file entry.tsv (TSV, C-alpha atoms)
chain	number	residue	atom	x	y	z
A	1	MET	CA	0.00	0.00	0.00
A	2	LYS	CA	1.24	3.43	-0.91
A	3	ALA	CA	0.49	7.02	0.00
A	4	ILE	CA	1.37	9.71	-2.50
A	5	VAL	CA	1.78	13.18	-1.02
A	6	ILE	CA	1.97	16.18	-3.33
A	7	VAL	CA	3.10	19.46	-1.82
A	8	LYS	CA	2.84	22.58	-3.95
A	9	PRO	CA	3.17	26.31	-3.40
A	10	LYS	CA	-0.17	28.08	-2.93
A	11	THR	CA	-1.24	29.86	-6.10
A	12	THR	CA	-1.02	33.22	-4.33
A	13	VAL	CA	2.59	32.65	-3.31
A	14	LEU	CA	5.53	33.52	-5.53
A	15	ASP	CA	7.38	30.40	-6.67
A	16	PRO	CA	10.92	31.43	-7.68
A	17	GLN	CA	11.95	27.88	-8.57
A	18	GLY	CA	8.97	27.62	-10.91
A	19	VAL	CA	9.82	30.97	-12.50
A	20	ALA	CA	13.43	29.86	-13.07
A	21	ILE	CA	12.27	26.61	-14.69
A	22	ARG	CA	9.76	28.48	-16.87
A	23	ASP	CA	12.47	30.79	-18.16
A	24	ALA	CA	14.84	27.88	-18.82
A	25	VAL	CA	12.18	25.92	-20.71
A	26	ARG	CA	11.48	29.01	-22.83
A	27	HIS	CA	15.09	28.83	-24.04
A	28	HIS	CA	14.50	25.35	-25.43
A	29	PRO	CA	14.20	25.26	-29.26
A	30	GLY	CA	10.56	25.16	-30.34
A	31	LEU	CA	9.16	25.98	-26.89
A	32	GLU	CA	9.83	29.74	-26.86
A	33	HIS	CA	6.13	30.64	-26.75
A	34	ALA	CA	4.66	27.40	-25.42
A	35	VAL	CA	4.95	27.85	-21.67
A	36	ALA	CA	2.66	30.15	-19.68
A	37	GLY	CA	4.01	29.23	-16.26
A	38	VAL	CA	5.52	26.52	-14.10
A	39	ARG	CA	4.79	25.63	-10.47
A	40	ALA	CA	7.41	23.52	-8.73
A	41	GLY	CA	6.32	21.16	-5.99
A	42	LYS	CA	7.35	18.01	-4.19
A	43	ARG	CA	6.05	14.50	-4.55
A	44	LEU	CA	6.61	11.97	-1.78
A	45	GLU	CA	5.92	8.29	-2.27
A	46	ILE	CA	5.34	6.65	1.12
A	47	ASP	CA	5.48	2.85	1.18
A	48	LEU	CA	3.22	1.63	3.97
A	49	GLU	CA	3.55	-1.68	5.77
A	50	ALA	CA	0.74	-4.14	5.04
A	51	SER	CA	-0.19	-4.09	8.75
A	52	ALA	CA	-0.83	-0.32	8.57
A	53	ALA	CA	-3.67	-0.79	6.07
A	54	ALA	CA	-5.81	-2.31	8.82
A	55	ASP	CA	-5.68	0.87	10.92
A	56	PRO	CA	-8.98	2.75	10.45
A	57	ALA	CA	-7.32	6.00	11.56
A	58	LEU	CA	-4.44	5.66	9.10
A	59	GLU	CA	-5.66	8.30	6.66
A	60	GLU	CA	-6.29	10.77	9.49
A	61	LYS	CA	-2.78	10.19	10.88
A	62	LEU	CA	-1.26	10.70	7.45
A	63	HIS	CA	-3.17	13.98	7.06
A	64	ALA	CA	-1.69	15.08	10.41
A	65	VAL	CA	1.81	14.20	9.15
A	66	CYS	CA	1.20	16.14	5.93
A	67	ARG	CA	0.05	19.19	7.88
A	68	ASP	CA	2.65	19.10	10.66
A	69	LEU	CA	5.72	17.75	8.96
A	70	LEU	CA	5.60	17.53	5.18
A	71	SER	CA	4.11	20.88	4.22
A	72	ASN	CA	4.22	24.44	5.43
A	73	PRO	CA	0.51	25.42	5.53
A	74	VAL	CA	1.35	29.12	5.36
A	75	ILE	CA	2.75	28.89	1.83
A	76	GLU	CA	1.96	25.36	0.63
A	77	ASP	CA	-1.02	23.14	-0.12
A	78	TYR	CA	-0.86	19.36	-0.02
A	79	GLU	CA	-2.77	16.49	-1.56
A	80	LEU	CA	-2.84	13.00	-0.09
A	81	HIS	CA	-3.70	10.02	-2.30
A	82	LEU	CA	-3.92	6.52	-0.88
A	83	GLU	CA	-3.28	3.66	-3.32
A	84	ARG	CA	-4.39	0.28	-2.04
B	1	MET	CA	-3.44	22.50	-21.29
B	2	LYS	CA	-1.05	21.24	-18.70
B	3	ALA	CA	1.99	19.00	-18.55
B	4	ILE	CA	2.78	17.29	-15.26
B	5	VAL	CA	6.40	16.20	-14.89
B	6	ILE	CA	7.34	13.87	-12.06
B	7	VAL	CA	11.03	13.43	-11.34
B	8	LYS	CA	12.05	10.77	-8.84
B	9	PRO	CA	15.29	9.13	-7.77
B	10	LYS	CA	15.96	5.80	-9.47
B	11	THR	CA	15.13	2.88	-7.18
B	12	THR	CA	18.78	1.80	-7.18
B	13	VAL	CA	19.97	5.21	-5.97
B	14	LEU	CA	20.15	6.15	-2.30
B	15	ASP	CA	17.66	8.90	-1.48
B	16	PRO	CA	18.85	10.65	1.71
B	17	GLN	CA	15.91	13.08	1.73
B	18	GLY	CA	13.48	10.17	1.59
B	19	VAL	CA	15.32	8.38	4.41
B	20	ALA	CA	15.18	11.53	6.58
B	21	ILE	CA	11.44	11.91	5.94
B	22	ARG	CA	10.85	8.20	6.67
B	23	ASP	CA	12.61	8.52	10.03
B	24	ALA	CA	10.68	11.70	10.88
B	25	VAL	CA	7.32	10.11	10.01
B	26	ARG	CA	8.21	7.12	12.22
B	27	HIS	CA	8.37	9.53	15.17
B	28	HIS	CA	4.76	10.54	14.63
B	29	PRO	CA	2.34	9.04	17.20
B	30	GLY	CA	0.61	5.96	15.79
B	31	LEU	CA	2.85	5.66	12.75
B	32	GLU	CA	5.91	4.09	14.43
B	33	HIS	CA	5.60	0.83	12.48
B	34	ALA	CA	3.53	2.00	9.52
B	35	VAL	CA	6.17	3.27	7.10
B	36	ALA	CA	8.43	0.94	5.12
B	37	GLY	CA	10.13	3.66	3.10
B	38	VAL	CA	9.79	7.06	1.47
B	39	ARG	CA	11.06	8.28	-1.89
B	40	ALA	CA	11.23	12.03	-2.35
B	41	GLY	CA	10.76	13.46	-5.81
B	42	LYS	CA	9.73	16.62	-7.60
B	43	ARG	CA	6.50	17.46	-9.34
B	44	LEU	CA	6.39	20.25	-11.91
B	45	GLU	CA	3.13	21.62	-13.24
B	46	ILE	CA	3.74	23.25	-16.61
B	47	ASP	CA	0.94	25.48	-17.90
B	48	LEU	CA	1.02	25.43	-21.68
B	49	GLU	CA	-0.32	28.14	-23.96
B	50	ALA	CA	-3.40	27.14	-25.95
B	51	SER	CA	-1.42	27.69	-29.17
B	52	ALA	CA	1.13	25.06	-28.12
B	53	ALA	CA	-1.50	22.31	-28.14
B	54	ALA	CA	-1.63	22.50	-31.93
B	55	ASP	CA	2.07	21.57	-32.26
B	56	PRO	CA	2.26	17.86	-33.24
B	57	ALA	CA	5.85	17.69	-31.93
B	58	LEU	CA	4.96	19.20	-28.54
B	59	GLU	CA	5.17	15.95	-26.58
B	60	GLU	CA	8.51	15.09	-28.15
B	61	LYS	CA	9.89	18.54	-27.28
B	62	LEU	CA	8.67	18.21	-23.71
B	63	HIS	CA	10.37	14.82	-23.41
B	64	ALA	CA	13.59	16.49	-24.59
B	65	VAL	CA	13.19	19.19	-21.91
B	66	CYS	CA	12.56	16.53	-19.25
B	67	ARG	CA	15.71	14.64	-20.29
B	68	ASP	CA	18.02	17.62	-20.81
B	69	LEU	CA	16.86	20.11	-18.22
B	70	LEU	CA	14.43	18.81	-15.63
B	71	SER	CA	15.96	15.50	-14.64
B	72	ASN	CA	19.40	14.02	-14.20
B	73	PRO	CA	19.14	10.72	-16.14
B	74	VAL	CA	22.08	9.23	-14.23
B	75	ILE	CA	20.21	9.18	-10.92
B	76	GLU	CA	16.61	10.14	-11.73
B	77	ASP	CA	13.66	8.86	-13.73
B	78	TYR	CA	10.91	11.10	-15.02
B	79	GLU	CA	7.29	10.73	-16.03
B	80	LEU	CA	5.50	13.13	-18.36
B	81	HIS	CA	1.71	13.36	-18.30
B	82	LEU	CA	-0.15	15.65	-20.68
B	83	GLU	CA	-3.58	16.87	-19.53
B	84	ARG	CA	-5.67	18.33	-22.30
call {"tool": "encode", "arguments": {"input": "entry.tsv", "output": "structure tokens"}}
result
Amino acid sequence: MKAIVIVKPKTTVLDPQGVAIRDAVRHHPGLEHAVAGVRAGKRLEIDLEASAAADPALEEKLHAVCRDLLSNPVIEDYELHLER
Amino acid sequence: MKAIVIVKPKTTVLDPQGVAIRDAVRHHPGLEHAVAGVRAGKRLEIDLEASAAADPALEEKLHAVCRDLLSNPVIEDYELHLER
């Protein structure tokens, strides 16, 4: 069982890494006018033990981890996807 | 139109960031024995101009960008997903 966590900058927050990547991609031949913008985020793939799947509070605990540890709620949003 | 690029460390490559996150998650109450491993990667959301969608070579060009610019093929794999 896997949990995929995606952490991305809030749309209202400036994302300098995304801006740098956008500008670099615009220097690529044939893509000069193709890119409107880039947002750079993180993607964490969490392998869960089989025994953890039986825990009814697992998803709630993972949300707590996402909030407290894996994202900064002031400037980032997260998505949690559980793959069984 | 959007392109989602996921860049992750190859499975054979040590991922110190993932190991650090795994150990931190294991300190979270109730998740001490839940996590087998974590792989930390990047996720880039590329907003494409509407005009770019008409380019039949767009996907090929984006693959070239992923290979040359957005990933390090020695230690990383990438996935490119186009959302129309």
call {"tool": "atom_distance", "arguments": {"input": "entry.tsv", "atom1": "CA of Leu80 (chain A)", "atom2": "CA of Ala3 (chain A)"}}
result
6.8 Å
call {"tool": "residues_around", "arguments": {"input": "entry.tsv", "residues": "Ile21 (chain A)", "least_positions_apart": "4", "cutoff": "9 Å", "atoms": "only C-alpha atoms", "output": "list in words"}}
result
Pro16, Gln17, Val25, Arg26, Gly37, Val38, Arg39 and Ala40 of chain A; Leu69 and Leu70 of chain B
call {"tool": "write_last_selection", "arguments": {"input": "entry.tsv", "atoms": "C-alpha atoms", "output": "tab-separated table (two decimals), keeping the file's coordinate frame"}}
result
chain	number	residue	atom	x	y	z
A	16	PRO	CA	10.92	31.43	-7.68
A	17	GLN	CA	11.95	27.88	-8.57
A	25	VAL	CA	12.18	25.92	-20.71
A	26	ARG	CA	11.48	29.01	-22.83
A	37	GLY	CA	4.01	29.23	-16.26
A	38	VAL	CA	5.52	26.52	-14.10
A	39	ARG	CA	4.79	25.63	-10.47
A	40	ALA	CA	7.41	23.52	-8.73
B	69	LEU	CA	16.86	20.11	-18.22
B	70	LEU	CA	14.43	18.81	-15.63
call {"tool": "residues_around", "arguments": {"input": "entry.tsv", "residues": "region 50-64 of chain B", "least_positions_apart": "6", "cutoff": "12 Å", "atoms": "all atoms listed in the file", "output": "ChimeraX atom specification"}}
result
/A:25-36 /B:1-6,70-71,73,77-84
call {"tool": "closest_residue", "arguments": {"input": "entry.tsv", "among": "A:Asp23, A:Glu76, A:Asp15, A:Asp47", "to": "chain B", "atoms": "all atoms listed in the file"}}
result
A:Asp47
call {"tool": "atom_distance", "arguments": {"input": "entry.tsv", "atom1": "CA of Leu14 (chain B)", "atom2": "CA of Glu45 (chain A)"}}
result
14.4 Å
call {"tool": "atom_distance", "arguments": {"input": "entry.tsv", "atom1": "CA of Ile46 (chain A)", "atom2": "CA of Arg22 (chain B)"}}
result
8.0 Å
call {"tool": "decode", "arguments": {"input": "entry.tsv", "residues": "region 36-50 of chain B", "atoms": "all heavy atoms", "output": "PDB file, in the first residue's frame"}}
result
ATOM      1  N   ALA B  36       7.324   1.779   5.572  1.00  0.00           N
ATOM      2  CA  ALA B  36       8.434   0.943   5.124  1.00  0.00           C
ATOM      3  C   ALA B  36       9.528   1.800   4.489  1.00  0.00           C
ATOM      4  O   ALA B  36      10.716   1.529   4.645  1.00  0.00           O
ATOM      5  CB  ALA B  36       7.926  -0.102   4.138  1.00  0.00           C
ATOM      6  N   GLY B  37       9.135   2.825   3.765  1.00  0.00           N
ATOM      7  CA  GLY B  37      10.129   3.661   3.099  1.00  0.00           C
ATOM      8  C   GLY B  37       9.486   4.856   2.436  1.00  0.00           C
ATOM      9  O   GLY B  37       8.281   4.863   2.207  1.00  0.00           O
ATOM     10  N   VAL B  38      10.288   5.855   2.152  1.00  0.00           N
ATOM     11  CA  VAL B  38       9.794   7.056   1.469  1.00  0.00           C
ATOM     12  C   VAL B  38      10.773   7.407   0.355  1.00  0.00           C
ATOM     13  O   VAL B  38      11.990   7.323   0.541  1.00  0.00           O
ATOM     14  CB  VAL B  38       9.686   8.254   2.454  1.00  0.00           C
ATOM     15  CG1 VAL B  38       9.272   9.522   1.717  1.00  0.00           C
ATOM     16  CG2 VAL B  38       8.702   7.959   3.577  1.00  0.00           C
ATOM     17  N   ARG B  39      10.233   7.760  -0.802  1.00  0.00           N
ATOM     18  CA  ARG B  39      11.064   8.280  -1.890  1.00  0.00           C
ATOM     19  C   ARG B  39      10.617   9.707  -2.149  1.00  0.00           C
ATOM     20  O   ARG B  39       9.436   9.978  -2.343  1.00  0.00           O
ATOM     21  CB  ARG B  39      10.901   7.462  -3.172  1.00  0.00           C
ATOM     22  CG  ARG B  39      11.135   5.985  -3.016  1.00  0.00           C
ATOM     23  CD  ARG B  39      12.559   5.614  -2.763  1.00  0.00           C
ATOM     24  NE  ARG B  39      13.426   5.763  -3.934  1.00  0.00           N
ATOM     25  CZ  ARG B  39      14.732   5.583  -3.914  1.00  0.00           C
ATOM     26  NH1 ARG B  39      15.341   5.254  -2.782  1.00  0.00           N
ATOM     27  NH2 ARG B  39      15.463   5.730  -4.989  1.00  0.00           N
ATOM     28  N   ALA B  40      11.562  10.619  -2.165  1.00  0.00           N
ATOM     29  CA  ALA B  40      11.234  12.035  -2.351  1.00  0.00           C
ATOM     30  C   ALA B  40      11.549  12.456  -3.783  1.00  0.00           C
ATOM     31  O   ALA B  40      12.661  12.237  -4.270  1.00  0.00           O
ATOM     32  CB  ALA B  40      12.033  12.878  -1.361  1.00  0.00           C
ATOM     33  N   GLY B  41      10.566  13.010  -4.437  1.00  0.00           N
ATOM     34  CA  GLY B  41      10.764  13.458  -5.814  1.00  0.00           C
ATOM     35  C   GLY B  41      10.200  14.852  -6.011  1.00  0.00           C
ATOM     36  O   GLY B  41       9.750  15.502  -5.069  1.00  0.00           O
ATOM     37  N   LYS B  42      10.254  15.300  -7.265  1.00  0.00           N
ATOM     38  CA  LYS B  42       9.729  16.621  -7.604  1.00  0.00           C
ATOM     39  C   LYS B  42       8.514  16.462  -8.505  1.00  0.00           C
ATOM     40  O   LYS B  42       8.375  15.479  -9.216  1.00  0.00           O
ATOM     41  CB  LYS B  42      10.787  17.426  -8.370  1.00  0.00           C
ATOM     42  CG  LYS B  42      11.875  18.005  -7.511  1.00  0.00           C
ATOM     43  CD  LYS B  42      12.958  18.646  -8.359  1.00  0.00           C
ATOM     44  CE  LYS B  42      13.822  17.606  -9.044  1.00  0.00           C
ATOM     45  NZ  LYS B  42      14.934  18.141  -9.820  1.00  0.00           N
ATOM     46  N   ARG B  43       7.658  17.448  -8.452  1.00  0.00           N
ATOM     47  CA  ARG B  43       6.496  17.461  -9.338  1.00  0.00           C
ATOM     48  C   ARG B  43       6.371  18.861  -9.931  1.00  0.00           C
ATOM     49  O   ARG B  43       6.213  19.835  -9.198  1.00  0.00           O
ATOM     50  CB  ARG B  43       5.231  17.113  -8.559  1.00  0.00           C
ATOM     51  CG  ARG B  43       3.971  17.114  -9.413  1.00  0.00           C
ATOM     52  CD  ARG B  43       2.786  16.751  -8.553  1.00  0.00           C
ATOM     53  NE  ARG B  43       1.535  16.777  -9.282  1.00  0.00           N
ATOM     54  CZ  ARG B  43       0.863  17.878  -9.573  1.00  0.00           C
ATOM     55  NH1 ARG B  43       1.310  19.045  -9.231  1.00  0.00           N
ATOM     56  NH2 ARG B  43      -0.294  17.806 -10.237  1.00  0.00           N
ATOM     57  N   LEU B  44       6.468  18.956 -11.235  1.00  0.00           N
ATOM     58  CA  LEU B  44       6.390  20.249 -11.906  1.00  0.00           C
ATOM     59  C   LEU B  44       5.105  20.315 -12.709  1.00  0.00           C
ATOM     60  O   LEU B  44       4.773  19.382 -13.448  1.00  0.00           O
ATOM     61  CB  LEU B  44       7.590  20.432 -12.843  1.00  0.00           C
ATOM     62  CG  LEU B  44       8.952  20.211 -12.177  1.00  0.00           C
ATOM     63  CD1 LEU B  44      10.057  20.220 -13.215  1.00  0.00           C
ATOM     64  CD2 LEU B  44       9.201  21.268 -11.122  1.00  0.00           C
ATOM     65  N   GLU B  45       4.393  21.420 -12.528  1.00  0.00           N
ATOM     66  CA  GLU B  45       3.133  21.617 -13.238  1.00  0.00           C
ATOM     67  C   GLU B  45       3.402  22.699 -14.282  1.00  0.00           C
ATOM     68  O   GLU B  45       3.642  23.855 -13.910  1.00  0.00           O
ATOM     69  CB  GLU B  45       2.094  22.084 -12.213  1.00  0.00           C
ATOM     70  CG  GLU B  45       0.674  21.741 -12.568  1.00  0.00           C
ATOM     71  CD  GLU B  45      -0.250  22.079 -11.407  1.00  0.00           C
ATOM     72  OE1 GLU B  45      -0.098  21.514 -10.317  1.00  0.00           O
ATOM     73  OE2 GLU B  45      -1.110  22.946 -11.613  1.00  0.00           O
ATOM     74  N   ILE B  46       3.402  22.305 -15.546  1.00  0.00           N
ATOM     75  CA  ILE B  46       3.737  23.250 -16.613  1.00  0.00           C
ATOM     76  C   ILE B  46       2.451  23.673 -17.311  1.00  0.00           C
ATOM     77  O   ILE B  46       1.777  22.854 -17.941  1.00  0.00           O
ATOM     78  CB  ILE B  46       4.718  22.622 -17.627  1.00  0.00           C
ATOM     79  CG1 ILE B  46       5.972  22.113 -16.894  1.00  0.00           C
ATOM     80  CG2 ILE B  46       5.086  23.621 -18.717  1.00  0.00           C
ATOM     81  CD1 ILE B  46       6.974  21.421 -17.799  1.00  0.00           C
ATOM     82  N   ASP B  47       2.106  24.943 -17.190  1.00  0.00           N
ATOM     83  CA  ASP B  47       0.942  25.483 -17.900  1.00  0.00           C
ATOM     84  C   ASP B  47       1.354  25.805 -19.319  1.00  0.00           C
ATOM     85  O   ASP B  47       2.267  26.618 -19.529  1.00  0.00           O
ATOM     86  CB  ASP B  47       0.456  26.767 -17.217  1.00  0.00           C
ATOM     87  CG  ASP B  47      -0.596  26.480 -16.175  1.00  0.00           C
ATOM     88  OD1 ASP B  47      -1.463  25.636 -16.454  1.00  0.00           O
ATOM     89  OD2 ASP B  47      -0.519  27.080 -15.093  1.00  0.00           O
ATOM     90  N   LEU B  48       0.667  25.212 -20.281  1.00  0.00           N
ATOM     91  CA  LEU B  48       1.023  25.433 -21.685  1.00  0.00           C
ATOM     92  C   LEU B  48       0.026  26.384 -22.323  1.00  0.00           C
ATOM     93  O   LEU B  48      -1.169  26.355 -22.029  1.00  0.00           O
ATOM     94  CB  LEU B  48       1.033  24.096 -22.424  1.00  0.00           C
ATOM     95  CG  LEU B  48       2.109  23.123 -21.918  1.00  0.00           C
ATOM     96  CD1 LEU B  48       1.806  21.701 -22.369  1.00  0.00           C
ATOM     97  CD2 LEU B  48       3.489  23.549 -22.393  1.00  0.00           C
ATOM     98  N   GLU B  49       0.546  27.227 -23.213  1.00  0.00           N
ATOM     99  CA  GLU B  49      -0.319  28.139 -23.961  1.00  0.00           C
ATOM    100  C   GLU B  49      -1.245  27.322 -24.860  1.00  0.00           C
ATOM    101  O   GLU B  49      -0.865  26.257 -25.355  1.00  0.00           O
ATOM    102  CB  GLU B  49       0.526  29.081 -24.830  1.00  0.00           C
ATOM    103  CG  GLU B  49       1.520  29.936 -24.062  1.00  0.00           C
ATOM    104  CD  GLU B  49       0.863  31.120 -23.338  1.00  0.00           C
ATOM    105  OE1 GLU B  49      -0.373  31.245 -23.384  1.00  0.00           O
ATOM    106  OE2 GLU B  49       1.605  31.913 -22.733  1.00  0.00           O
ATOM    107  N   ALA B  50      -2.437  27.848 -25.100  1.00  0.00           N
ATOM    108  CA  ALA B  50      -3.404  27.139 -25.945  1.00  0.00           C
ATOM    109  C   ALA B  50      -2.814  26.883 -27.332  1.00  0.00           C
ATOM    110  O   ALA B  50      -3.052  25.835 -27.942  1.00  0.00           O
ATOM    111  CB  ALA B  50      -4.691  27.948 -26.047  1.00  0.00           C
TER     112      ALA B  50
END
